[in-house]
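For reference, structure33.csv (CSV, C-alpha atoms):
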chain,number,residue,atom,x,y,z
A,1,MET,CA,3.7,125.4,-178.3
A,2,ILE,CA,5.8,122.4,-179.0
A,3,ARG,CA,8.9,124.2,-177.7
A,4,VAL,CA,7.1,125.2,-174.5
A,5,ILE,CA,6.0,121.6,-173.9
A,6,LEU,CA,9.5,120.3,-174.5
A,7,PHE,CA,10.9,122.9,-172.2
A,8,PHE,CA,8.4,122.0,-169.5
A,9,LEU,CA,9.2,118.3,-169.9
A,10,ALA,CA,12.9,118.9,-169.7
A,11,VAL,CA,12.5,121.0,-166.5
A,12,THR,CA,10.2,118.4,-164.9
A,13,THR,CA,12.6,115.5,-165.8
A,14,ALA,CA,15.6,117.5,-164.3
A,15,ALA,CA,13.6,118.2,-161.1
A,16,ILE,CA,12.7,114.5,-160.8
A,17,SER,CA,16.2,113.4,-161.5
A,18,SER,CA,17.5,115.9,-158.9
A,19,ALA,CA,15.0,114.6,-156.3
A,20,GLN,CA,16.1,111.1,-157.0
A,21,ASP,CA,19.8,112.0,-156.7
A,22,ASN,CA,19.2,113.7,-153.4
A,23,SER,CA,17.4,110.6,-151.9
A,24,ILE,CA,19.4,108.8,-149.2
A,25,ASP,CA,17.4,105.6,-149.5
A,26,ALA,CA,20.0,103.6,-151.4
A,27,LYS,CA,22.9,104.7,-149.1
A,28,VAL,CA,20.9,104.1,-146.0
A,29,ASN,CA,19.9,100.6,-147.2
A,30,ALA,CA,23.6,99.9,-148.1
A,31,ALA,CA,24.7,101.0,-144.6
A,32,LEU,CA,22.0,98.7,-143.0
A,33,GLU,CA,23.6,95.7,-144.8
A,34,ALA,CA,27.2,96.6,-144.0
A,35,ASP,CA,29.3,94.0,-142.3
A,36,ILE,CA,30.1,96.4,-139.4
A,37,ARG,CA,26.6,96.0,-138.1
A,38,THR,CA,26.1,93.1,-135.8
A,39,SER,CA,23.1,90.8,-135.7
A,40,ALA,CA,22.0,92.7,-132.6
A,41,ASP,CA,22.1,95.9,-134.5
A,42,LYS,CA,20.0,94.5,-137.3
A,43,ALA,CA,17.5,93.0,-134.9
A,44,ARG,CA,16.5,96.6,-133.9
A,45,ASP,CA,15.9,97.8,-137.5
A,46,ALA,CA,12.2,97.0,-137.6
A,47,ASN,CA,11.6,98.8,-134.4
A,48,ARG,CA,13.8,101.8,-134.9
A,49,LYS,CA,13.0,102.3,-138.6
A,50,PRO,CA,16.1,104.2,-139.4
A,51,LEU,CA,15.4,104.9,-143.1
A,52,GLU,CA,11.9,106.3,-142.4
A,53,THR,CA,13.2,108.3,-139.5
A,54,LEU,CA,16.0,109.9,-141.3
A,55,ASN,CA,13.7,110.8,-144.2
A,56,PHE,CA,11.3,112.4,-141.8
A,57,PHE,CA,14.2,114.4,-140.4
A,58,GLN,CA,14.8,115.5,-144.0
A,59,MET,CA,18.4,114.3,-144.0
A,60,LYS,CA,20.3,114.4,-147.3
A,61,ASP,CA,23.7,113.0,-148.0
A,62,ASP,CA,25.4,116.4,-148.5
A,63,MET,CA,24.4,117.8,-145.1
A,64,ARG,CA,26.5,118.7,-142.1
A,65,VAL,CA,25.0,116.7,-139.3
A,66,LEU,CA,25.6,116.5,-135.6
A,67,GLU,CA,24.6,113.4,-133.6
A,68,LEU,CA,24.2,114.0,-129.8
A,69,VAL,CA,24.9,111.2,-127.3
A,70,PRO,CA,25.9,108.6,-129.9
A,71,GLY,CA,26.4,105.8,-127.3
A,72,GLY,CA,28.0,102.8,-128.9
A,73,GLY,CA,27.2,104.0,-132.4
A,74,TRP,CA,24.0,102.3,-133.5
A,75,TYR,CA,23.0,105.3,-135.5
A,76,THR,CA,26.5,106.4,-136.2
A,77,LYS,CA,27.1,103.2,-138.2
A,78,ILE,CA,24.3,104.4,-140.5
A,79,LEU,CA,24.9,108.2,-140.6
A,80,ALA,CA,28.7,108.0,-141.2
A,81,PRO,CA,28.7,106.0,-144.5
A,82,VAL,CA,25.7,108.0,-145.8
A,83,LEU,CA,27.4,111.3,-145.2
A,84,GLU,CA,31.0,110.3,-146.0
A,85,GLU,CA,31.2,111.2,-149.6
A,86,ASN,CA,29.3,114.5,-149.8
A,87,GLY,CA,28.5,115.6,-146.2
A,88,GLU,CA,30.0,115.8,-142.8
A,89,LEU,CA,29.2,114.0,-139.5
A,90,TYR,CA,30.0,115.3,-136.1
A,91,VAL,CA,29.3,113.5,-132.8
A,92,SER,CA,29.3,115.0,-129.3
A,93,LEU,CA,28.4,114.3,-125.6
A,94,TRP,CA,29.8,111.1,-124.1
A,95,THR,CA,31.9,110.1,-127.1
A,96,ASP,CA,34.5,108.2,-125.2
A,97,ARG,CA,32.9,104.8,-125.8
A,98,LEU,CA,32.5,105.6,-129.5
A,99,GLU,CA,36.1,106.8,-129.9
A,100,GLN,CA,37.5,103.7,-128.3
A,101,GLY,CA,35.3,101.4,-130.4
A,102,LEU,CA,33.7,102.3,-133.7
A,103,LEU,CA,35.7,105.4,-134.5
A,104,SER,CA,39.0,103.6,-134.0
A,105,GLN,CA,38.3,101.8,-137.2
A,106,GLU,CA,39.7,103.3,-140.5
A,107,ALA,CA,36.3,103.3,-142.2
A,108,PHE,CA,35.0,105.8,-139.6
A,109,ASP,CA,38.0,108.1,-139.4
A,110,HIS,CA,36.1,110.8,-141.2
A,111,VAL,CA,33.7,111.3,-138.4
A,112,LYS,CA,34.5,114.5,-136.4
A,113,VAL,CA,34.4,114.3,-132.6
A,114,ILE,CA,33.4,117.3,-130.6
A,115,GLY,CA,34.9,116.1,-127.3
A,116,GLY,CA,35.3,117.4,-123.8
A,117,LEU,CA,31.6,117.7,-123.1
A,118,ASN,CA,30.7,115.1,-120.5
A,119,PRO,CA,27.8,116.3,-118.3
A,120,ASN,CA,27.8,115.5,-114.6
A,121,ARG,CA,25.4,113.2,-112.8
A,122,ASN,CA,22.8,115.1,-110.8
A,123,GLY,CA,20.9,112.9,-108.4
A,124,VAL,CA,17.2,113.5,-108.5
A,125,ASP,CA,14.7,112.0,-106.0
A,126,CYS,CA,12.4,109.7,-108.0
A,127,GLY,CA,10.5,108.4,-105.0
A,128,ASN,CA,10.8,105.0,-103.3
A,129,LEU,CA,14.3,106.0,-102.3
A,130,VAL,CA,15.6,105.5,-105.8
A,131,GLN,CA,17.9,108.1,-107.3
A,132,CYS,CA,17.5,108.7,-111.0
A,133,ARG,CA,20.7,109.0,-113.0
A,134,LEU,CA,19.9,112.4,-114.6
A,135,ASN,CA,22.7,114.5,-115.9
A,136,THR,CA,23.3,118.2,-116.0
A,137,ILE,CA,25.6,120.6,-117.7
A,138,ASP,CA,25.8,124.4,-117.3
A,139,VAL,CA,27.2,125.6,-120.7
A,140,VAL,CA,27.6,123.8,-124.0
A,141,ASP,CA,29.4,125.1,-127.1
A,142,PHE,CA,29.8,122.6,-129.9
A,143,GLY,CA,32.3,124.9,-131.6
A,144,VAL,CA,30.6,124.5,-135.1
A,145,LYS,CA,28.2,126.7,-137.0
A,146,ASN,CA,25.8,126.5,-139.9
A,147,LEU,CA,24.9,122.8,-139.4
A,148,ASP,CA,22.0,121.5,-141.5
A,149,LEU,CA,20.7,119.0,-139.0
A,150,VAL,CA,21.2,117.9,-135.3
A,151,VAL,CA,19.7,114.6,-134.2
A,152,THR,CA,19.3,112.9,-130.8
A,153,PHE,CA,17.7,109.5,-130.3
A,154,ARG,CA,16.2,108.7,-126.9
A,155,ASN,CA,18.4,111.0,-124.9
A,156,MET,CA,16.3,113.9,-123.6
A,157,HIS,CA,15.3,111.9,-120.6
A,158,ASN,CA,19.0,111.6,-119.6
A,159,PHE,CA,19.1,115.3,-118.6
A,160,ASP,CA,17.5,117.5,-116.0
A,161,VAL,CA,15.8,120.7,-117.1
A,162,ASN,CA,19.0,122.8,-116.9
A,163,GLY,CA,21.0,120.2,-118.8
A,164,ARG,CA,18.4,120.0,-121.6
A,165,LYS,CA,18.3,123.8,-121.8
A,166,ALA,CA,22.1,124.0,-122.2
A,167,VAL,CA,22.3,121.2,-124.8
A,168,ASN,CA,19.3,122.5,-126.8
A,169,GLN,CA,20.6,126.0,-126.8
A,170,ALA,CA,23.9,124.8,-128.1
A,171,ALA,CA,22.1,122.9,-130.8
A,172,PHE,CA,20.2,126.0,-131.8
A,173,ASP,CA,23.4,128.0,-131.9
A,174,ALA,CA,25.1,125.4,-134.1
A,175,LEU,CA,22.4,125.2,-136.7
A,176,LYS,CA,22.1,127.4,-139.7
A,177,SER,CA,18.9,129.4,-140.3
A,178,GLY,CA,16.5,126.8,-141.7
A,179,GLY,CA,18.4,123.9,-140.1
A,180,HIS,CA,16.5,121.2,-138.3
A,181,TYR,CA,16.6,119.4,-135.0
A,182,GLY,CA,15.3,115.9,-134.9
A,183,VAL,CA,14.3,114.5,-131.4
A,184,ILE,CA,13.0,111.1,-130.4
A,185,ASP,CA,12.4,109.8,-126.9
A,186,HIS,CA,10.4,107.4,-124.8
A,187,THR,CA,7.0,108.9,-124.0
A,188,ARG,CA,5.9,109.8,-120.5
A,189,ARG,CA,2.3,110.8,-119.9
A,190,HIS,CA,1.9,114.6,-119.8
A,191,MET,CA,2.2,116.0,-116.3
A,192,GLN,CA,2.9,112.6,-114.8
A,193,PRO,CA,5.2,112.9,-111.8
A,194,MET,CA,8.6,111.4,-112.1
A,195,THR,CA,9.0,108.0,-110.4
A,196,SER,CA,11.5,105.1,-110.4
A,197,GLU,CA,9.3,103.5,-113.1
A,198,VAL,CA,9.1,106.4,-115.6
A,199,TRP,CA,12.3,108.4,-115.1
A,200,ARG,CA,13.7,107.1,-118.4
A,201,ARG,CA,10.7,108.6,-120.3
A,202,ALA,CA,10.1,112.3,-121.2
A,203,ASP,CA,7.0,114.4,-121.3
A,204,PRO,CA,6.6,115.3,-125.0
A,205,ILE,CA,4.7,118.5,-124.2
A,206,GLN,CA,7.4,119.7,-121.8
A,207,ILE,CA,10.1,118.9,-124.3
A,208,MET,CA,8.2,120.8,-127.0
A,209,GLN,CA,7.7,123.8,-124.8
A,210,GLU,CA,11.4,123.9,-123.8
A,211,LEU,CA,12.5,123.9,-127.4
A,212,LEU,CA,9.9,126.6,-128.4
A,213,ASP,CA,11.2,128.7,-125.5
A,214,ILE,CA,14.7,128.6,-126.9
A,215,GLY,CA,13.4,129.8,-130.3
A,216,PHE,CA,12.8,126.7,-132.4
A,217,GLU,CA,9.8,126.5,-134.6
A,218,PHE,CA,7.8,123.2,-134.5
A,219,ALA,CA,8.2,121.6,-137.9
A,220,GLY,CA,6.2,118.5,-137.4
A,221,TYR,CA,5.7,115.1,-135.8
A,222,SER,CA,5.6,111.5,-136.9
A,223,ASN,CA,3.8,108.4,-135.6
A,224,LEU,CA,6.6,106.2,-136.8
A,225,HIS,CA,7.4,105.1,-133.3
A,226,HIS,CA,3.9,105.2,-131.8
A,227,LYS,CA,3.1,102.1,-129.8
A,228,PRO,CA,-0.6,102.2,-128.8
A,229,ASP,CA,-0.3,99.2,-126.4
A,230,ASP,CA,2.4,100.9,-124.3
A,231,VAL,CA,0.4,102.1,-121.2
A,232,LEU,CA,3.2,104.6,-120.3
A,233,ARG,CA,3.5,103.3,-116.8
A,234,TYR,CA,6.5,101.1,-116.7
A,235,GLU,CA,10.3,101.3,-116.8
A,236,VAL,CA,11.5,101.1,-120.4
A,237,GLY,CA,14.0,98.4,-119.5
A,238,ARG,CA,11.3,95.9,-118.4
A,239,LYS,CA,11.2,92.7,-120.5
A,240,SER,CA,7.5,93.3,-121.1
A,241,VAL,CA,8.2,96.8,-122.4
A,242,THR,CA,11.6,96.9,-124.0
A,243,GLY,CA,11.3,97.3,-127.8
A,244,ASN,CA,7.7,98.3,-127.5
A,245,THR,CA,7.9,101.7,-125.9
A,246,ASP,CA,5.9,104.5,-127.3
A,247,ARG,CA,8.3,107.2,-128.6
A,248,PHE,CA,7.5,110.7,-129.7
A,249,THR,CA,9.2,111.8,-132.9
A,250,PHE,CA,9.5,115.6,-133.4
A,251,LEU,CA,11.2,117.8,-135.9
A,252,PHE,CA,12.0,121.5,-135.1
A,253,ARG,CA,13.4,124.2,-137.3
A,254,LYS,CA,15.6,127.2,-136.5
A,255,PRO,CA,14.1,130.3,-138.0

Just give me the structure as structure tokens.
Amino acid sequence: MIRVILFFLAVTTAAISSAQDNSIDAKVNAALEADIRTSADKARDANRKPLETLNFFQMKDDMRVLELVPGGGWYTKILAPVLEENGELYVSLWTDRLEQGLLSQEAFDHVKVIGGLNPNRNGVDCGNLVQCRLNTIDVVDFGVKNLDLVVTFRNMHNFDVNGRKAVNQAAFDALKSGGHYGVIDHTRRHMQPMTSEVWRRADPIQIMQELLDIGFEFAGYSNLHHKPDDVLRYEVGRKSVTGNTDRFTFLFRKP
């Protein structure tokens, strides 16, 4: 009996130790304090909750991860150091700004760029004679396979339906079976017509259905970025709304 108990304790201790070793908390917190991050970057931490978000996306430091539409690199500055030692980070879709800025620094030379994928603008009538700056692309191939995780932060609204389909299909194809796709965007009310006020928001039910149609399984949602006082009526860039937009946070899984 004593041997059984000792064996059980050893296995349990090993499991706990393994779980602790796989935690990204320490590395994310170190990245958040890095000198490369500006005061403007850090000012957004409380709103964007990067540690909690990446934990919800089930990211580990030994994963192969693809970040879509990295912009100036707010999340790249966190993802890159976390994955540098044991994992891999890829970036794709409008990477020019990132390549000329953040990735030109030696500390980020391990980040792999999947370039040459710059969708075209596709003017869409948003009412009131305003043209939304939606983007479209016909076919996307990221050229990598068996990724563990693909993430995109507040970017679904940048694409028209066809553009999203192409990008999401490419994400599906690049993931391994069991891999995850983490999606965050500003919330538009379900079935609300597109206008000049809400074009930079996305209908969460529509986004979910589009991803299910491709073949993803819905793996969960989080209220991390829920803002109950956002009435979902106004442009996300308004001073009264910026930093307080309701955002849906979804996780999908490739079967």

Would you please work out which residue, of A:Tyr234, A:Phe216, A:Trp199, A:Tyr75, is nearest to A:Asp160 when using all atoms listed in the file?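 Checking each candidate against A:Asp160, we get A:Trp199 as the closest.
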
Residue list as a PyMOL selection string for point (17.7, 114.2, -130.4), cut-off 7 Å, only C-alpha atoms: chain A and resi 68+151-156+182-184

Hey, can you spit out that residue selection with C-alpha atoms as an mmCIF file, in the frame of the given file?
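The result, written out as out18.cif:
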data_model
loop_
_atom_site.group_PDB
_atom_site.id
_atom_site.type_symbol
_atom_site.label_atom_id
_atom_site.label_comp_id
_atom_site.auth_asym_id
_atom_site.auth_seq_id
_atom_site.Cartn_x
_atom_site.Cartn_y
_atom_site.Cartn_z
ATOM 1 C CA LEU A 68 24.200 114.000 -129.800
ATOM 2 C CA VAL A 151 19.700 114.600 -134.200
ATOM 3 C CA THR A 152 19.300 112.900 -130.800
ATOM 4 C CA PHE A 153 17.700 109.500 -130.300
ATOM 5 C CA ARG A 154 16.200 108.700 -126.900
ATOM 6 C CA ASN A 155 18.400 111.000 -124.900
ATOM 7 C CA MET A 156 16.300 113.900 -123.600
ATOM 8 C CA GLY A 182 15.300 115.900 -134.900
ATOM 9 C CA VAL A 183 14.300 114.500 -131.400
ATOM 10 C CA ILE A 184 13.000 111.100 -130.400
#

Between atom CA of A:Asp229 and atom CA of A:Val198, measure the distance and give it in Å to one decimal.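 Separation between atom CA of A:Asp229 and atom CA of A:Val198: 16.0 Å.
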
Atom-to-atom span, atom CA of A:Asp25 and atom CA of A:Val111, Å: 20.5 Å

If I take atom CA of A:Ala30 and atom CA of A:His110, how far is one from the other in Å, to one decimal?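 Atom CA of A:His110 lies at a distance of 18.0 Å from atom CA of A:Ala30.
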
Which residues come within 12 Å of stretch 116-118 of chain A, counting all atoms listed in the file, excluding same-chain residues fewer than 5 positions away, as a PyMOL selection string? chain A and resi 68-69+91-97+135-143+159+163+166-167+170

File dump, residues just selected, C-alpha atoms, as a PDB file, in the coordinates of the input:
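Result file is again-v1.pdb:
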ATOM      1  CA  LEU A  68      24.200 114.000-129.800  1.00  0.00           C
ATOM      2  CA  VAL A  69      24.900 111.200-127.300  1.00  0.00           C
ATOM      3  CA  VAL A  91      29.300 113.500-132.800  1.00  0.00           C
ATOM      4  CA  SER A  92      29.300 115.000-129.300  1.00  0.00           C
ATOM      5  CA  LEU A  93      28.400 114.300-125.600  1.00  0.00           C
ATOM      6  CA  TRP A  94      29.800 111.100-124.100  1.00  0.00           C
ATOM      7  CA  THR A  95      31.900 110.100-127.100  1.00  0.00           C
ATOM      8  CA  ASP A  96      34.500 108.200-125.200  1.00  0.00           C
ATOM      9  CA  ARG A  97      32.900 104.800-125.800  1.00  0.00           C
ATOM     10  CA  ASN A 135      22.700 114.500-115.900  1.00  0.00           C
ATOM     11  CA  THR A 136      23.300 118.200-116.000  1.00  0.00           C
ATOM     12  CA  ILE A 137      25.600 120.600-117.700  1.00  0.00           C
ATOM     13  CA  ASP A 138      25.800 124.400-117.300  1.00  0.00           C
ATOM     14  CA  VAL A 139      27.200 125.600-120.700  1.00  0.00           C
ATOM     15  CA  VAL A 140      27.600 123.800-124.000  1.00  0.00           C
ATOM     16  CA  ASP A 141      29.400 125.100-127.100  1.00  0.00           C
ATOM     17  CA  PHE A 142      29.800 122.600-129.900  1.00  0.00           C
ATOM     18  CA  GLY A 143      32.300 124.900-131.600  1.00  0.00           C
ATOM     19  CA  PHE A 159      19.100 115.300-118.600  1.00  0.00           C
ATOM     20  CA  GLY A 163      21.000 120.200-118.800  1.00  0.00           C
ATOM     21  CA  ALA A 166      22.100 124.000-122.200  1.00  0.00           C
ATOM     22  CA  VAL A 167      22.300 121.200-124.800  1.00  0.00           C
ATOM     23  CA  ALA A 170      23.900 124.800-128.100  1.00  0.00           C
TER      24      ALA A 170
END

Between A:Lys77, A:Arg48, A:Arg238, A:Lys254, which has the minimum distance to A:Leu175 (counting only C-alpha atoms)? A:Lys254

Dump as a ChimeraX atom specification all residues having an atom at most 12 Å from (12.0, 98.4, -114.5), computed in the file's coordinates with only C-alpha atoms. /A:130,195-201,233-242

Residue nearest A:Phe218 among A:Leu147, A:His180, A:Leu51, A:Asn86 (counting all atoms listed in the file): A:His180

For A:Asn29, please output as a list in words all residues within 12 Å (counting all atoms listed in the file; exclusion window: fewer than 4 positions along the same chain).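 Neighbouring residues, sequence-local ones excluded: Ser23, Ile24, Asp25, Glu33, Ala34, Lys42, Asp45, Lys49, Pro50, Leu51, Glu52, Leu54, Lys77, Ile78, Leu79, Pro81 and Val82 of chain A.
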
So which one's closest to A:Gln105, A:Ile36, A:Val28, A:Ile207, A:Leu251? Using all atoms listed in the file, please.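 Distance minimum relative to A:Gln105 lands on A:Ile36.
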
A:Thr53, A:Lys112, A:Gln192, A:Arg164 ranked by distance to A:Glu210, top pick (using only C-alpha atoms):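 Result for the nearest residue to A:Glu210: A:Arg164.
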
Pick from A:Leu98, A:Ala171, A:Ala202, A:Val150 nearest to A:Asp185, counting only C-alpha atoms: A:Ala202

Do you know which residues are at most 10 Å from stretch 100-102 of chain A counting only C-alpha atoms, after dropping those on the same chain fewer than 6 positions away, and could you put them as a list of chain:residue names? A:Ile36, A:Gly72, A:Gly73, A:Trp74, A:Thr76, A:Lys77, A:Phe108, A:Asp109
